[in-house]
Amino acid sequence: MFWLTEDAVVVCAHELGRAENMPSQSWVTVEKRRVLVANAPQGRSIKGCPNVGAAIRPCLRTLAVKKGYSTLLSIAGHSICLDSLSGLTDGTPPGTVKYKARSAGQNCVGETE
């Protein structure tokens, strides 16, 4: 599993909605790009979700991460985000629309379980 960097592509289940990355640390980088750590993917805005219609809410924000944090490595007490990242969005139907990492933003550094 690769570490996520600020160049990671995180998308909603509708594939066109892309979450904004906001790195919360700048000490550790891969190829000069900041590594994402725990809580960085949560509460991020999603732009471009095509799930629109009457009584249908598009995915606009990421909610809590369900999986994808390293259990081995952390930076300043925050677990590193991995390309297995996933969680739910605020889209409809509530509690069912997921987001995931489509791309880690780098392919050099990872970890094995």
# chains A, B, ... in the order shown; residues from 1 in each chain; ligands from 1
>>> residues_around(residues="Asn51 of chain A", least_positions_apart="5", cutoff="9 Å", atoms="only C-alpha atoms", output="list in words")
His14, Gly17, Ile56, Arg57, Pro58, Cys59, Gly91 and Thr92 of chain A
>>> residues_around(residues="Asn107 of chain A", least_positions_apart="2", cutoff="10 Å", atoms="only C-alpha atoms", output="ChimeraX atom specification")
/A:1-4,30-31,103-105,109-110
>>> closest_residue(among="A:Ser70, A:Thr29, A:Pro41, A:Glu6", to="Lys100 of chain A", atoms="only C-alpha atoms")
A:Pro41
>>> atom_distance(atom1="atom CA of Met22 of chain A", atom2="atom CA of Gly53 of chain A")
29.0 Å
>>> atom_distance(atom1="atom CA of Cys81 of chain A", atom2="atom CA of Cys49 of chain A")
22.9 Å
>>> closest_residue(among="A:Ala54, A:Ile46, A:Ala101, A:Leu72", to="Thr89 of chain A", atoms="only C-alpha atoms")
A:Ile46
>>> closest_residue(among="A:Tyr99, A:Lys47, A:Asp7, A:Leu36", to="Lys67 of chain A", atoms="only C-alpha atoms")
A:Tyr99
>>> residues_around(residues="Trp27 of chain A", least_positions_apart="3", cutoff="12 Å", atoms="only C-alpha atoms", output="list in words")
Pro23, Ser24, Val30, Lys32, Arg33, Arg34, Val35, Leu36, Val37, Ser74, Ile75 and Ala76 of chain A
>>> atom_distance(atom1="atom CA of Val65 of chain A", atom2="atom CA of Pro94 of chain A")
15.5 Å
>>> closest_residue(among="A:Ser79, A:Thr62, A:Thr5, A:Asn39", to="Arg18 of chain A", atoms="only C-alpha atoms")
A:Thr62
>>> select_by_dssp(residues="chain A", states="strand (DSSP E or B)", output="VMD selection string")
chain A and resid 2 to 3 5 9 to 12 18 to 19 29 to 30 33 to 35 37 45 to 47 53 56 61 to 75 78 to 89 98 to 103 110
>>> closest_residue(among="A:Thr71, A:Thr112, A:Gln106, A:Ser45", to="Cys12 of chain A", atoms="only C-alpha atoms")
A:Ser45
>>> closest_residue(among="A:Ala64, A:Val28, A:Ala55, A:Leu85", to="Arg102 of chain A", atoms="only C-alpha atoms")
A:Leu85
>>> decode(residues="chain A", atoms="C-alpha atoms", output="compact mmCIF listing (two decimals), in the first residue's frame")
# COMPACT_ATOMS: atom_id res chain seq x y z
CA MET A 1 0.00 0.00 0.00
CA PHE A 2 1.34 3.39 -0.99
CA TRP A 3 1.39 6.49 1.19
CA LEU A 4 -0.95 9.27 0.07
CA THR A 5 0.56 12.64 -0.80
CA GLU A 6 -1.04 15.99 -1.47
CA ASP A 7 -1.27 14.88 -5.13
CA ALA A 8 -3.48 11.89 -4.25
CA VAL A 9 -6.76 11.61 -6.12
CA VAL A 10 -9.64 10.97 -3.70
CA VAL A 11 -13.03 10.52 -5.39
CA CYS A 12 -16.62 9.84 -4.40
CA ALA A 13 -18.30 6.63 -5.57
CA HIS A 14 -19.65 8.51 -8.60
CA GLU A 15 -15.99 8.78 -9.77
CA LEU A 16 -16.23 12.37 -11.07
CA GLY A 17 -16.48 14.01 -7.66
CA ARG A 18 -12.98 14.86 -6.45
CA ALA A 19 -12.10 15.71 -2.85
CA GLU A 20 -9.77 18.59 -2.08
CA ASN A 21 -6.52 17.57 -0.35
CA MET A 22 -5.29 19.73 2.51
CA PRO A 23 -2.07 18.38 4.02
CA SER A 24 -1.78 19.06 7.74
CA GLN A 25 1.97 18.47 8.06
CA SER A 26 5.02 19.52 6.06
CA TRP A 27 7.86 17.62 7.76
CA VAL A 28 7.69 14.46 5.67
CA THR A 29 7.50 14.47 1.89
CA VAL A 30 7.75 12.01 -0.98
CA GLU A 31 9.17 13.46 -4.18
CA LYS A 32 8.82 16.93 -2.56
CA ARG A 33 5.07 16.42 -2.02
CA ARG A 34 3.65 16.44 1.52
CA VAL A 35 2.41 13.13 2.96
CA LEU A 36 -1.21 13.08 4.17
CA VAL A 37 -1.83 12.00 7.76
CA ALA A 38 -4.85 11.14 9.90
CA ASN A 39 -7.77 13.54 9.78
CA ALA A 40 -6.46 15.32 6.66
CA PRO A 41 -9.02 13.54 4.40
CA GLN A 42 -12.00 14.22 6.68
CA GLY A 43 -14.36 17.14 6.13
CA ARG A 44 -12.91 17.99 2.73
CA SER A 45 -14.99 19.56 0.00
CA ILE A 46 -15.91 17.45 -3.02
CA LYS A 47 -16.30 19.15 -6.38
CA GLY A 48 -17.77 17.70 -9.56
CA CYS A 49 -20.07 14.99 -8.20
CA PRO A 50 -22.60 14.23 -10.96
CA ASN A 51 -25.20 12.75 -8.56
CA VAL A 52 -27.69 15.62 -8.96
CA GLY A 53 -31.45 15.70 -9.26
CA ALA A 54 -34.72 16.41 -7.48
CA ALA A 55 -34.39 15.19 -3.88
CA ILE A 56 -30.86 13.94 -4.63
CA ARG A 57 -27.93 15.56 -2.89
CA PRO A 58 -24.55 15.34 -4.60
CA CYS A 59 -21.47 14.45 -2.60
CA LEU A 60 -20.18 17.75 -1.19
CA ARG A 61 -17.97 16.68 1.75
CA THR A 62 -16.01 13.71 2.99
CA LEU A 63 -16.99 12.32 6.38
CA ALA A 64 -14.87 10.24 8.79
CA VAL A 65 -12.31 7.83 7.38
CA LYS A 66 -13.39 4.20 7.85
CA LYS A 67 -10.11 2.58 6.76
CA GLY A 68 -6.79 3.52 5.25
CA TYR A 69 -4.68 4.75 8.15
CA SER A 70 -1.35 3.07 8.82
CA THR A 71 -1.21 1.03 12.03
CA LEU A 72 2.60 0.98 11.85
CA LEU A 73 3.76 4.50 10.99
CA SER A 74 2.83 7.97 12.12
CA ILE A 75 4.10 11.54 11.84
CA ALA A 76 3.87 13.66 14.99
CA GLY A 77 1.35 11.20 16.42
CA HIS A 78 -0.89 11.12 13.32
CA SER A 79 -1.13 7.91 11.28
CA ILE A 80 -0.04 8.07 7.66
CA CYS A 81 -2.84 7.82 5.07
CA LEU A 82 -2.61 4.84 2.72
CA ASP A 83 -4.05 4.19 -0.74
CA SER A 84 -6.60 1.83 0.86
CA LEU A 85 -8.34 4.97 2.19
CA SER A 86 -12.14 4.94 2.24
CA GLY A 87 -15.04 6.47 4.11
CA LEU A 88 -18.48 7.95 3.55
CA THR A 89 -19.60 11.20 1.93
CA ASP A 90 -22.60 13.39 2.74
CA GLY A 91 -24.30 12.48 -0.57
CA THR A 92 -27.64 10.69 -0.90
CA PRO A 93 -28.74 8.22 0.13
CA PRO A 94 -27.23 9.16 3.53
CA GLY A 95 -24.72 6.71 5.00
CA THR A 96 -24.19 4.74 1.80
CA VAL A 97 -22.07 6.77 -0.65
CA LYS A 98 -18.37 6.09 -0.20
CA TYR A 99 -15.19 7.89 -1.16
CA LYS A 100 -11.85 6.23 -1.93
CA ALA A 101 -8.31 6.94 -3.01
CA ARG A 102 -8.09 6.40 -6.76
CA SER A 103 -4.39 7.31 -6.86
CA ALA A 104 -1.79 7.75 -4.11
CA GLY A 105 -0.10 10.69 -5.83
CA GLN A 106 3.21 8.81 -5.85
CA ASN A 107 4.46 5.27 -6.45
CA CYS A 108 7.75 5.17 -4.55
CA VAL A 109 6.96 4.76 -0.83
CA GLY A 110 4.61 2.28 0.75
CA GLU A 111 4.23 -0.28 3.47
CA THR A 112 3.20 -3.89 3.72
CA GLU A 113 0.96 -5.43 6.33
